[in-house]
Each structure stands twice: as structure tokens, then as C-alpha cells.
$ cat model.csv   # CSV, C-alpha atoms
chain,number,residue,atom,x,y,z
X,1,MET,CA,-119.9,-28.0,263.1
X,2,LYS,CA,-121.4,-30.6,260.7
X,3,ALA,CA,-122.9,-28.0,258.4
X,4,SER,CA,-119.6,-26.2,258.1
X,5,LEU,CA,-117.6,-29.4,257.4
X,6,ASN,CA,-120.1,-30.4,254.6
X,7,THR,CA,-119.6,-27.0,253.0
X,8,HIS,CA,-115.8,-27.4,253.0
X,9,PHE,CA,-116.0,-30.9,251.4
X,10,ILE,CA,-118.4,-29.6,248.7
X,11,VAL,CA,-116.0,-26.7,247.8
X,12,LEU,CA,-112.9,-29.0,247.8
X,13,GLY,CA,-114.7,-31.4,245.5
X,14,CYS,CA,-115.4,-28.6,243.1
X,15,VAL,CA,-111.8,-27.6,243.0
X,16,VAL,CA,-110.6,-31.1,242.4
X,17,LEU,CA,-113.2,-31.6,239.6
X,18,THR,CA,-112.2,-28.3,238.0
X,19,LEU,CA,-108.4,-29.1,238.1
X,20,THR,CA,-109.0,-32.6,236.7
X,21,ALA,CA,-111.1,-31.3,233.9
X,22,GLY,CA,-108.7,-28.5,232.9
X,23,CYS,CA,-105.4,-30.3,233.2
X,24,ALA,CA,-106.1,-33.9,232.1
X,25,LYS,CA,-104.3,-33.5,228.7
X,26,MET,CA,-101.2,-31.6,230.0
X,27,ASN,CA,-97.9,-33.3,230.7
X,28,PHE,CA,-95.4,-31.7,233.2
X,29,ALA,CA,-91.8,-32.8,233.1
X,30,PRO,CA,-88.9,-31.8,235.4
X,31,VAL,CA,-86.2,-29.5,234.0
X,32,PRO,CA,-83.0,-31.4,233.4
X,33,GLU,CA,-80.2,-30.4,235.8
X,34,GLN,CA,-77.8,-29.7,232.9
X,35,ASP,CA,-80.2,-27.2,231.4
X,36,LYS,CA,-80.3,-25.4,234.8
X,37,ALA,CA,-76.5,-25.3,235.0
X,38,ALA,CA,-76.3,-23.8,231.5
X,39,VAL,CA,-78.2,-20.7,232.5
X,40,THR,CA,-75.5,-18.1,233.5
X,41,PRO,CA,-75.9,-14.4,234.4
X,42,PRO,CA,-74.7,-11.9,231.7
X,43,THR,CA,-71.1,-10.7,232.0
X,44,PRO,CA,-71.0,-7.2,233.4
X,45,PRO,CA,-69.4,-4.6,231.1
X,46,PRO,CA,-65.8,-3.7,231.9
X,47,PRO,CA,-65.2,-0.7,234.1
X,48,PRO,CA,-64.6,2.5,232.2
X,49,ASN,CA,-61.0,3.8,231.9
X,50,LYS,CA,-60.0,6.4,234.4
X,51,THR,CA,-59.8,9.9,232.9
X,52,VAL,CA,-57.1,12.3,234.1
X,53,SER,CA,-57.3,16.0,233.6
X,54,THR,CA,-54.5,18.0,235.1
X,55,THR,CA,-52.4,21.2,234.7
X,56,GLU,CA,-48.7,21.3,235.4
X,57,VAL,CA,-46.5,24.4,235.6
X,58,VAL,CA,-42.7,24.0,235.0
X,59,ALA,CA,-41.1,25.1,238.3
X,60,TYR,CA,-38.6,27.9,238.5
X,61,GLY,CA,-35.1,27.0,239.7
X,62,ASN,CA,-35.3,23.6,238.0
X,63,LYS,CA,-31.8,24.0,236.5
X,64,GLN,CA,-30.4,23.0,239.9
X,65,VAL,CA,-28.6,19.7,239.7
X,66,ASP,CA,-27.1,17.9,242.7
X,67,PHE,CA,-24.5,15.3,241.7
X,68,LEU,CA,-23.3,12.4,243.8
X,69,PHE,CA,-20.2,10.6,242.5
X,70,VAL,CA,-19.9,7.0,243.8
X,71,LEU,CA,-16.4,5.6,243.2
X,72,ASP,CA,-15.3,2.0,243.5
X,73,ASP,CA,-12.2,2.1,245.7
X,74,SER,CA,-11.3,-1.6,245.6
X,75,ASN,CA,-7.8,-2.8,244.5
X,76,SER,CA,-8.7,-3.4,240.9
X,77,MET,CA,-9.8,0.2,240.4
X,78,LEU,CA,-6.5,1.9,240.8
X,79,PRO,CA,-5.7,2.2,237.1
X,80,GLU,CA,-9.3,3.4,236.3
X,81,LEU,CA,-9.3,6.1,239.1
X,82,LYS,CA,-6.0,7.4,237.9
X,83,LYS,CA,-7.5,7.6,234.4
X,84,LEU,CA,-10.5,9.4,235.8
X,85,ALA,CA,-8.3,11.9,237.6
X,86,ALA,CA,-6.4,12.7,234.4
X,87,ARG,CA,-9.4,13.0,232.2
X,88,MET,CA,-11.8,15.1,234.2
X,89,SER,CA,-10.8,18.4,232.8
X,90,THR,CA,-13.2,18.4,229.8
X,91,PHE,CA,-16.1,17.4,232.1
X,92,VAL,CA,-15.5,19.9,234.8
X,93,SER,CA,-14.9,22.7,232.4
X,94,SER,CA,-18.2,22.1,230.5
X,95,LEU,CA,-20.0,21.7,233.8
X,96,ASP,CA,-18.8,25.0,235.1
X,97,ALA,CA,-19.4,26.8,231.7
X,98,SER,CA,-23.0,25.5,231.6
X,99,ASN,CA,-26.0,27.3,232.9
X,100,ILE,CA,-26.6,24.6,235.4
X,101,ASP,CA,-26.6,25.6,239.1
X,102,TRP,CA,-24.8,22.5,240.3
X,103,GLN,CA,-23.2,21.1,243.5
X,104,MET,CA,-21.5,17.8,244.1
X,105,CYS,CA,-20.7,15.3,246.8
X,106,LEU,CA,-18.5,12.2,246.7
X,107,THR,CA,-18.7,8.8,248.3
X,108,THR,CA,-17.3,5.3,247.7
X,109,THR,CA,-18.7,1.8,247.3
X,110,ARG,CA,-17.1,0.5,250.5
X,111,GLY,CA,-18.6,0.4,254.0
X,112,LEU,CA,-16.7,2.3,256.8
X,113,SER,CA,-16.5,0.7,260.2
X,114,SER,CA,-18.4,2.6,262.9
X,115,GLY,CA,-19.5,1.3,266.2
X,116,GLY,CA,-19.0,-2.3,265.2
X,117,SER,CA,-21.0,-2.1,262.0
X,118,LEU,CA,-20.4,-0.8,258.4
X,119,VAL,CA,-21.7,2.6,257.4
X,120,TYR,CA,-22.3,3.3,253.7
X,121,GLY,CA,-22.6,6.5,251.8
X,122,SER,CA,-20.5,8.8,254.0
X,123,PRO,CA,-19.5,12.0,252.3
X,124,TYR,CA,-15.8,12.3,251.3
X,125,ASN,CA,-14.0,15.6,251.7
X,126,TRP,CA,-12.6,17.2,248.6
X,127,ALA,CA,-8.8,17.7,248.7
X,128,ASN,CA,-7.2,21.1,248.0
X,129,TYR,CA,-10.6,22.7,248.4
X,130,THR,CA,-11.4,25.7,250.6
X,131,PRO,CA,-15.2,25.8,250.8
X,132,PRO,CA,-17.2,29.0,251.3
X,133,SER,CA,-17.6,30.1,254.8
X,134,GLY,CA,-19.8,27.8,256.7
X,135,ALA,CA,-19.9,25.1,254.0
X,136,PRO,CA,-18.6,21.6,254.6
X,137,ALA,CA,-15.4,20.4,252.8
X,138,TYR,CA,-17.3,17.6,251.1
X,139,LEU,CA,-19.8,19.9,249.3
X,140,LEU,CA,-18.3,21.2,246.0
X,141,LYS,CA,-20.2,24.1,244.4
X,142,LYS,CA,-20.5,25.9,241.0
X,143,GLY,CA,-18.0,28.8,240.7
X,144,THR,CA,-15.2,27.1,242.7
X,145,GLY,CA,-11.8,27.8,241.2
X,146,ASN,CA,-9.2,25.1,240.3
X,147,LEU,CA,-11.7,22.4,239.7
X,148,ASN,CA,-9.2,20.2,237.9
X,149,THR,CA,-6.8,20.4,240.7
X,150,ILE,CA,-9.5,19.6,243.3
X,151,PHE,CA,-10.7,16.5,241.3
X,152,THR,CA,-7.2,15.2,240.7
X,153,SER,CA,-6.1,15.7,244.2
X,154,THR,CA,-9.2,14.1,245.7
X,155,ILE,CA,-9.0,11.0,243.6
X,156,ASP,CA,-5.2,10.7,244.4
X,157,THR,CA,-6.0,10.8,248.1
X,158,LEU,CA,-8.5,7.9,248.0
X,159,THR,CA,-7.5,4.8,249.9
X,160,ILE,CA,-7.5,2.0,247.4
X,161,GLY,CA,-8.1,-1.5,248.6
X,162,GLY,CA,-8.2,-3.0,252.1
X,163,GLY,CA,-11.0,-3.1,254.6
X,164,SER,CA,-14.4,-3.8,253.1
X,165,SER,CA,-13.5,-2.4,249.7
X,166,GLY,CA,-13.8,-5.8,248.0
X,167,ASP,CA,-17.6,-5.8,248.7
X,168,GLU,CA,-18.7,-3.1,246.3
X,169,ARG,CA,-22.1,-1.6,247.2
X,170,GLY,CA,-22.6,1.4,245.0
X,171,ILE,CA,-26.4,1.3,245.2
X,172,LYS,CA,-26.4,0.7,248.9
X,173,ALA,CA,-24.1,3.8,249.3
X,174,ALA,CA,-26.4,6.0,247.2
X,175,HIS,CA,-29.4,4.6,249.2
X,176,ASP,CA,-27.9,5.5,252.6
X,177,HIS,CA,-26.7,8.8,251.3
X,178,PHE,CA,-30.3,9.7,250.4
X,179,VAL,CA,-31.6,8.5,253.7
X,180,ASN,CA,-29.1,10.8,255.6
X,181,LYS,CA,-29.7,13.8,253.4
X,182,ASP,CA,-30.6,16.0,256.3
X,183,ALA,CA,-27.3,15.2,258.1
X,184,HIS,CA,-25.0,16.3,255.3
X,185,GLY,CA,-27.0,18.8,253.2
X,186,CYS,CA,-25.8,17.5,249.8
X,187,TYR,CA,-29.3,17.9,248.3
X,188,ARG,CA,-31.4,21.0,247.7
X,189,GLU,CA,-35.2,21.2,247.7
X,190,GLY,CA,-36.5,20.7,244.2
X,191,ALA,CA,-33.1,20.1,242.6
X,192,ALA,CA,-32.6,17.3,240.1
X,193,ILE,CA,-30.4,14.5,241.4
X,194,SER,CA,-27.7,12.7,239.3
X,195,VAL,CA,-25.8,9.8,240.7
X,196,ILE,CA,-22.7,8.8,238.7
X,197,LEU,CA,-21.1,5.5,239.6
X,198,ILE,CA,-17.7,4.2,238.3
X,199,SER,CA,-16.8,0.6,239.0
X,200,ASP,CA,-15.3,-2.5,237.3
X,201,GLU,CA,-17.5,-4.9,239.2
X,202,ASP,CA,-21.2,-5.2,240.0
X,203,GLU,CA,-23.2,-4.5,243.1
X,204,ARG,CA,-21.8,-6.9,245.8
X,205,SER,CA,-19.2,-7.8,243.1
X,206,VAL,CA,-21.4,-10.3,241.2
X,207,GLY,CA,-24.9,-9.1,241.8
X,208,GLY,CA,-25.7,-12.0,244.0
X,209,VAL,CA,-25.5,-14.5,241.1
X,210,ALA,CA,-23.3,-17.6,241.8
X,211,SER,CA,-22.7,-18.4,238.1
X,212,ARG,CA,-20.8,-15.1,237.7
X,213,VAL,CA,-18.1,-16.0,240.3
X,214,LYS,CA,-14.7,-16.6,238.6
X,215,ALA,CA,-12.1,-19.1,239.5
X,216,ASN,CA,-9.6,-16.6,240.9
X,217,ASP,CA,-12.2,-14.5,242.8
X,218,ALA,CA,-11.8,-14.1,246.6
X,219,ALA,CA,-13.5,-16.7,248.7
X,220,ALA,CA,-16.2,-14.4,250.0
X,221,VAL,CA,-17.0,-12.7,246.7
X,222,LEU,CA,-20.6,-14.1,246.6
X,223,GLN,CA,-22.7,-12.1,249.0
X,224,PRO,CA,-26.5,-12.0,249.1
X,225,MET,CA,-28.3,-9.0,247.6
X,226,GLU,CA,-30.1,-7.1,250.3
X,227,ALA,CA,-33.1,-4.7,249.9
X,228,GLU,CA,-30.8,-1.6,249.8
X,229,ASP,CA,-28.8,-3.2,246.9
X,230,ARG,CA,-31.7,-3.5,244.5
X,231,PRO,CA,-32.4,-0.9,241.7
X,232,GLU,CA,-36.1,-0.6,242.2
X,233,ASN,CA,-35.7,0.1,245.9
X,234,LEU,CA,-33.3,3.0,245.2
X,235,VAL,CA,-35.8,4.5,242.8
X,236,ALA,CA,-38.5,4.1,245.5
X,237,LYS,CA,-36.3,5.6,248.1
X,238,SER,CA,-35.5,8.6,245.9
X,239,LYS,CA,-39.3,9.2,245.7
X,240,SER,CA,-40.0,8.7,249.4
X,241,VAL,CA,-37.1,11.0,250.4
X,242,PHE,CA,-37.3,13.7,247.8
X,243,GLY,CA,-40.9,13.5,246.5
X,244,GLU,CA,-42.7,11.7,243.7
X,245,ASP,CA,-41.7,14.3,241.1
X,246,ILE,CA,-38.0,14.1,241.8
X,247,ARG,CA,-35.9,14.1,238.6
X,248,PHE,CA,-33.4,11.4,239.3
X,249,THR,CA,-30.9,9.6,237.1
X,250,PHE,CA,-28.4,6.9,237.9
X,251,SER,CA,-25.6,6.7,235.3
X,252,SER,CA,-22.7,4.2,235.4
X,253,ILE,CA,-19.3,3.6,233.9
X,254,ILE,CA,-18.9,-0.1,234.1
X,255,VAL,CA,-17.8,-3.3,232.3
X,256,LYS,CA,-20.8,-3.4,230.0
X,257,PRO,CA,-22.5,-6.8,230.0
X,258,GLY,CA,-21.6,-8.7,226.9
X,259,ASP,CA,-18.4,-6.8,226.3
X,260,ALA,CA,-16.0,-9.7,226.5
X,261,VAL,CA,-13.0,-7.7,225.2
X,262,CYS,CA,-13.3,-5.1,227.9
X,263,GLU,CA,-13.9,-7.7,230.6
X,264,ALA,CA,-10.7,-9.6,229.5
X,265,GLU,CA,-8.8,-6.4,229.7
X,266,GLN,CA,-10.0,-5.6,233.1
X,267,ASP,CA,-9.3,-9.1,234.3
X,268,LYS,CA,-5.6,-8.4,233.9
X,269,ASP,CA,-5.7,-6.1,236.9
X,270,THR,CA,-5.1,-7.1,240.5
X,271,SER,CA,-8.4,-8.9,240.9
X,272,PRO,CA,-11.1,-10.1,238.4
X,273,SER,CA,-13.7,-7.7,237.0
X,274,HIS,CA,-17.4,-8.4,236.6
X,275,PRO,CA,-19.9,-6.9,234.2
X,276,GLY,CA,-22.2,-4.4,235.9
X,277,HIS,CA,-25.6,-6.1,235.2
X,278,VAL,CA,-27.3,-4.6,238.2
X,279,TYR,CA,-25.8,-1.1,237.6
X,280,GLU,CA,-26.9,-1.2,234.0
X,281,GLU,CA,-30.4,-2.2,235.0
X,282,LEU,CA,-30.6,0.8,237.4
X,283,SER,CA,-29.3,3.2,234.7
X,284,LYS,CA,-31.9,2.1,232.2
X,285,LEU,CA,-34.6,2.2,234.9
X,286,THR,CA,-33.9,5.9,235.6
X,287,ASP,CA,-33.1,6.9,232.0
X,288,GLY,CA,-29.5,7.4,232.9
X,289,GLY,CA,-26.4,6.7,230.8
X,290,VAL,CA,-24.1,3.7,230.6
X,291,GLY,CA,-20.5,4.1,229.6
X,292,SER,CA,-17.6,1.6,229.3
X,293,ILE,CA,-14.9,1.6,231.9
X,294,CYS,CA,-12.5,0.6,229.1
X,295,ASP,CA,-12.9,3.9,227.2
X,296,ALA,CA,-9.7,5.8,226.9
X,297,ASP,CA,-11.4,9.0,228.0
X,298,TYR,CA,-14.4,9.3,230.4
X,299,SER,CA,-15.2,12.9,229.7
X,300,ALA,CA,-17.5,12.2,226.8
X,301,ASN,CA,-19.5,9.8,229.0
X,302,LEU,CA,-19.6,12.2,231.9
X,303,ASN,CA,-20.8,15.0,229.7
X,304,THR,CA,-23.5,12.7,228.3
X,305,PHE,CA,-24.6,11.9,231.9
X,306,LYS,CA,-24.8,15.7,232.6
X,307,ASP,CA,-26.9,16.2,229.6
X,308,LYS,CA,-29.2,13.3,230.6
X,309,ILE,CA,-30.3,15.1,233.8
X,310,VAL,CA,-30.7,18.4,232.0
X,311,ASN,CA,-32.7,16.8,229.2
X,312,SER,CA,-35.0,15.2,231.8
X,313,LEU,CA,-36.4,18.7,232.3
X,314,SER,CA,-38.4,17.9,229.2
X,315,HIS,CA,-39.9,14.7,230.7
X,316,LEU,CA,-43.2,14.6,232.6
X,317,THR,CA,-44.3,11.6,234.5
X,318,LEU,CA,-48.0,10.9,234.0
X,319,GLU,CA,-50.3,9.4,236.6
X,320,CYS,CA,-50.7,6.2,234.5
X,321,GLN,CA,-50.0,4.8,231.0
X,322,PRO,CA,-52.4,6.6,228.8
X,323,VAL,CA,-54.6,5.3,226.0
X,324,PRO,CA,-52.6,6.8,223.0
X,325,SER,CA,-55.6,8.1,221.1
X,326,SER,CA,-57.0,9.8,224.3
X,327,LEU,CA,-53.9,11.9,225.1
X,328,LYS,CA,-54.4,15.7,224.6
X,329,VAL,CA,-51.5,18.1,225.4
X,330,SER,CA,-51.6,21.9,225.4
X,331,ILE,CA,-48.7,24.2,226.0
X,332,ASP,CA,-49.8,27.6,227.2
X,333,GLY,CA,-53.2,27.0,225.7
X,334,LEU,CA,-51.9,25.8,222.3
X,335,SER,CA,-52.5,22.1,221.4
X,336,ILE,CA,-49.3,20.4,220.4
X,337,HIS,CA,-48.2,17.0,219.0
X,338,ASN,CA,-44.4,17.2,219.1
X,339,TYR,CA,-43.9,14.7,221.9
X,340,LYS,CA,-43.6,10.9,222.4
X,341,VAL,CA,-44.9,8.7,225.2
X,342,ASP,CA,-42.8,5.9,226.8
X,343,LYS,CA,-45.1,4.0,229.1
X,344,ASN,CA,-46.1,6.6,231.6
X,345,VAL,CA,-43.5,9.2,230.7
X,346,LEU,CA,-44.3,12.1,228.4
X,347,LYS,CA,-41.2,13.3,226.5
X,348,PHE,CA,-41.2,16.6,224.7
X,349,THR,CA,-38.9,17.3,221.8
X,350,TYR,CA,-37.5,20.4,223.4
X,351,SER,CA,-36.7,21.5,226.9
X,352,LEU,CA,-39.5,23.0,228.9
X,353,ILE,CA,-39.1,26.6,230.0
X,354,GLU,CA,-39.7,27.7,233.6
X,355,GLY,CA,-43.2,28.9,234.0
X,356,THR,CA,-44.6,27.0,231.1
X,357,LYS,CA,-48.2,25.8,231.6
X,358,ILE,CA,-49.0,22.3,230.4
X,359,ASP,CA,-52.6,21.1,230.2
X,360,LEU,CA,-53.1,17.3,230.0
X,361,GLN,CA,-56.1,15.0,229.5
X,362,TYR,CA,-55.9,11.3,228.9
X,363,ASP,CA,-57.6,8.0,229.7
X,364,CYS,CA,-55.6,5.4,231.7
X,365,ILE,CA,-55.0,1.9,230.2
X,366,GLU,CA,-57.0,-0.3,232.6
X,367,GLY,CA,-54.7,-2.3,234.9
X,368,ILE,CA,-51.5,-0.5,233.9
X,369,PRO,CA,-50.1,2.1,236.4

$ encode --input "model.csv" --output "C-alpha cells"
Amino acid sequence: MKASLNTHFIVLGCVVLTLTAGCAKMNFAPVPEQDKAAVTPPTPPPPPNKTVSTTEVVAYGNKQVDFLFVLDDSNSMLPELKKLAARMSTFVSSLDASNIDWQMCLTTTRGLSSGGSLVYGSPYNWANYTPPSGAPAYLLKKGTGNLNTIFTSTIDTLTIGGGSSGDERGIKAAHDHFVNKDAHGCYREGAAISVILISDEDERSVGGVASRVKANDAAAVLQPMEAEDRPENLVAKSKSVFGEDIRFTFSSIIVKPGDAVCEAEQDKDTSPSHPGHVYEELSKLTDGGVGSICDADYSANLNTFKDKIVNSLSHLTLECQPVPSSLKVSIDGLSIHNYKVDKNVLKFTYSLIEGTKIDLQYDCIEGIP
């Protein structure tokens, strides 16, 4: 044991002598904490944009359009509904003369009492109408004779005022009409859907905004906006019920926000009017039309609304908002450039023909759906 320990001491002494001789003139200092903190890892590169390559074929039978008229049947609407009944001839004539395979249902903005609660979006039977064998009286179809008489008679038979009519819920009515589509059969698979609302007030009269209540409004005019009253939820419901590719427009004939002259004119009726802020928002959200309830003739607006849904056959919803320089579009194998892009909607300058093959390639703008 002694010999071994002596050997270890000799080796250790050599190591100490060697280190002392080699490091005597070197000065070691600790690294300052701030220098350590300043050292950061490099920023990773941004993720690459998603590239989409897809082929779409314009479906056959896409000239089918299913209309839903939503009429405000509150007290103040009597003059407007009479005007509508008297001025529908141009609209129905152009509708029937078009190559659109249309059908139409009607509902009102009021809730109907059923089992102790209010039910919205119930179909309303057309008056002086004999439907085809087996078809319900609330489903009006292309090719029906005496359309002017049917429209006029139906509007004349509406109950105006009373009940819950003062709480106008046009969006809620359309929402519940969509939800119950299987019960009434107003919508066909793959058909475009066009909702047309006519009202001199907003959703729930004032759109849930206290500052829009007028001095001579009814006491309960201010009601909270529920989920089924909101524009974005009706759009979402249309997609969940009819499919992501549904061609859906919501058009409205209303007191246009900012039109003080029209609003003052409407205020002379039985009860005050209110600009349709929420209805206008939904119309813009779905690329629908907005007309003034003060127009002397509604037929021009109604024809515009009809054209809106027909023209939407030339719209194509992209998976995301594309990087403009990355978008490549080919029609039946031929590269084209006569289109424009509005966010994630590709709009052609002409209507697409059934069977047309569209090849698309584009990069998504990162973070924008």
C-alpha cells in the first residue's frame, strides 16, 4: 500500500507542476450575465403557403332556383304589401319567361303560437292556387298559370298586425325554414337558394340596439338578438343544411340605412319604421341585393334579385384567399384571365356552362381562410 500511494503522489505532483507551468500567464474571467442573455436562437423561417390544386366541373341542373319570400306582416307594412301585390306582374312574368327552373315558398316574420311557444318559418299557403296532384298548396312551381292572381290574392289574405307580428324576425324565420326543409320540401337537392325579405323594420325591430329605439315605439320593441337572428349564423346554417357549395343569396327590400327621407316617409304609417342594418349586412354577406321599400315599383328590385342568384352560377368559392400572383385558372384546358377575385370568391365575367371543366392552382395567403 505504501509503494502505491507514493506513486500516486508523484503523478499528482507532475500534473500540478505541468498545469502551473503552462497556465501561469493566462487570465480566466466569468462571462457576464447580460452577454449570455443576448444570445438567442435564430428565428425559424415562416411555414410555406399551402398550395391548392383542384378540378371543378359545373354541375348539370344548376339553373334550378328555390325562392323563399319572407314578408313582414306587422301593422306598419299594410301599405307596402298592397304595393307589392299590385306591382308583382313584371317580376312574375320575367321569372316565368326565363330559363330558370324555379319554385317558391312564402313565410312571414312573425312567430306563430304552437304548444305554448312561438314557431317561425312556417310555410304559408298560396291563395287561388291549385297545385299539381300531390304537391302542397304552399309550394308554387314554374309553369303555374295566373301567377299575378295568385300573388295578389295571397298577399291580400295575409293577416296584418296582431299577435307577435311586432317582433319582426326575418332571419330567424329563414333559419328555421332551412332547419325544417325535410318537413316541407321547399328545397331541391343542388338548387340555388334565394331568400327575398321585405320589411320596414330591422331584425327584432331595432337589431338589438337600444339607441335605435324611437320615442313612439312600443314598450317592448327592444329585444335581445339571439343566435338565430344573426347574419353569419344563417350563412353557416345554409352550409350545414344544404352543403358547403350551396349558392345562397339573401336580398332585402328595406328602409336603407342612411336614407332619412324614406325613413321619415315610413314613420308616417301606423308605427315607426327602422332602417334594416342587420338585413343589409346579411345581403352584402351573401352577395344579395338591397332595395328601398320607398321605391314606387318593386319589380325592378325583384328582377335584380333574381339575376343575382342566376349570376352567382359564375362564382366559385375557393378553399382560401389566394396569393394573387399564384392563381392559375384553366377552362376546358385553356388558360384564361377574364376573372376577378374577391377574397376567396373567384368571379368569372360570364356565366359558366354546365359540364365546364375548371382547373385551379393557387397558394393560400397564410393565416387567411

$ closest_residue --input "model.csv" --among "X:Leu334, X:Ala85, X:Ile150, X:Ser114" --to "Pro131 (chain X)" --atoms "all atoms listed in the file"
X:Ile150

$ closest_residue --input "model.csv" --among "X:Ile331, X:Lys256, X:Leu234, X:His337" --to "Gly355 (chain X)" --atoms "all atoms listed in the file"
X:Ile331

$ residues_around --input "model.csv" --residues "Asp182 (chain X)" --least-positions-apart "6" --cutoff "12 Å" --atoms "all atoms listed in the file" --output "list in words"
Asp176, Arg188, Glu189, Val241 and Phe242 of chain X

$ atom_distance --input "model.csv" --atom1 "CA of Leu318 (chain X)" --atom2 "CA of Asn301 (chain X)"
29.0 Å

$ atom_distance --input "model.csv" --atom1 "CA of Asp72 (chain X)" --atom2 "CA of Ser205 (chain X)"
10.6 Å

$ closest_residue --input "model.csv" --among "X:Glu228, X:Leu346, X:Leu316, X:Ser165" --to "Ser76 (chain X)" --atoms "all atoms listed in the file"
X:Ser165

$ atom_distance --input "model.csv" --atom1 "CA of Lys328 (chain X)" --atom2 "CA of Ser53 (chain X)"
9.5 Å

$ residues_around --input "model.csv" --residues "Ser271 (chain X)" --least-positions-apart "2" --cutoff "8 Å" --atoms "all atoms listed in the file" --output "PyMOL selection string"
chain X and resi 75-76+216-217+267-269+273

$ residues_near_point --input "model.csv" --point "(-6.9, -2.7, 253.0)" --cutoff "12 Å" --atoms "all atoms listed in the file" --output "PyMOL selection string"
chain X and resi 73-75+110+112+158-167

$ residues_around --input "model.csv" --residues "Lys63 (chain X)" --least-positions-apart "6" --cutoff "10 Å" --atoms "all atoms listed in the file" --output "list in words"
Asn99, Ile100, Asp101, Trp102, Gly190, Ala191, Ala192, Ile309, Val310, Leu313 and Glu354 of chain X

$ write_last_selection --input "model.csv" --atoms "C-alpha atoms" --output "PDB file, in the coordinates of the input"
ATOM      1  CA  ASN X  99     -26.000  27.300 232.900  1.00  0.00           C
ATOM      2  CA  ILE X 100     -26.600  24.600 235.400  1.00  0.00           C
ATOM      3  CA  ASP X 101     -26.600  25.600 239.100  1.00  0.00           C
ATOM      4  CA  TRP X 102     -24.800  22.500 240.300  1.00  0.00           C
ATOM      5  CA  GLY X 190     -36.500  20.700 244.200  1.00  0.00           C
ATOM      6  CA  ALA X 191     -33.100  20.100 242.600  1.00  0.00           C
ATOM      7  CA  ALA X 192     -32.600  17.300 240.100  1.00  0.00           C
ATOM      8  CA  ILE X 309     -30.300  15.100 233.800  1.00  0.00           C
ATOM      9  CA  VAL X 310     -30.700  18.400 232.000  1.00  0.00           C
ATOM     10  CA  LEU X 313     -36.400  18.700 232.300  1.00  0.00           C
ATOM     11  CA  GLU X 354     -39.700  27.700 233.600  1.00  0.00           C
TER      12      GLU X 354
END

$ residues_around --input "model.csv" --residues "Leu68 (chain X)" --least-positions-apart "6" --cutoff "7 Å" --atoms "only C-alpha atoms" --output "PyMOL selection string"
chain X and resi 104-106+194-196

$ write_last_selection --input "model.csv" --atoms "C-alpha atoms" --output "PDB file, in the coordinates of the input"
ATOM      1  CA  MET X 104     -21.500  17.800 244.100  1.00  0.00           C
ATOM      2  CA  CYS X 105     -20.700  15.300 246.800  1.00  0.00           C
ATOM      3  CA  LEU X 106     -18.500  12.200 246.700  1.00  0.00           C
ATOM      4  CA  SER X 194     -27.700  12.700 239.300  1.00  0.00           C
ATOM      5  CA  VAL X 195     -25.800   9.800 240.700  1.00  0.00           C
ATOM      6  CA  ILE X 196     -22.700   8.800 238.700  1.00  0.00           C
TER       7      ILE X 196
END

$ residues_around --input "model.csv" --residues "Gly207 (chain X)" --least-positions-apart "3" --cutoff "10 Å" --atoms "all atoms listed in the file" --output "VMD selection string"
chain X and resid 168 to 169 201 to 204 210 212 to 213 221 to 225 229 to 230 274 to 279

$ closest_residue --input "model.csv" --among "X:Ala137, X:Ile155, X:Val209, X:Val70" --to "His175 (chain X)" --atoms "only C-alpha atoms"
X:Val70

$ closest_residue --input "model.csv" --among "X:Arg247, X:Lys82, X:Lys181, X:Lys142" --to "Thr157 (chain X)" --atoms "all atoms listed in the file"
X:Lys82

$ closest_residue --input "model.csv" --among "X:Ala173, X:Thr54, X:His184, X:Val65" --to "Gly111 (chain X)" --atoms "all atoms listed in the file"
X:Ala173

$ residues_near_point --input "model.csv" --point "(-50.3, 22.4, 226.2)" --cutoff "7 Å" --atoms "all atoms listed in the file" --output "number ranges by chain"
X: 329-336, 357-360
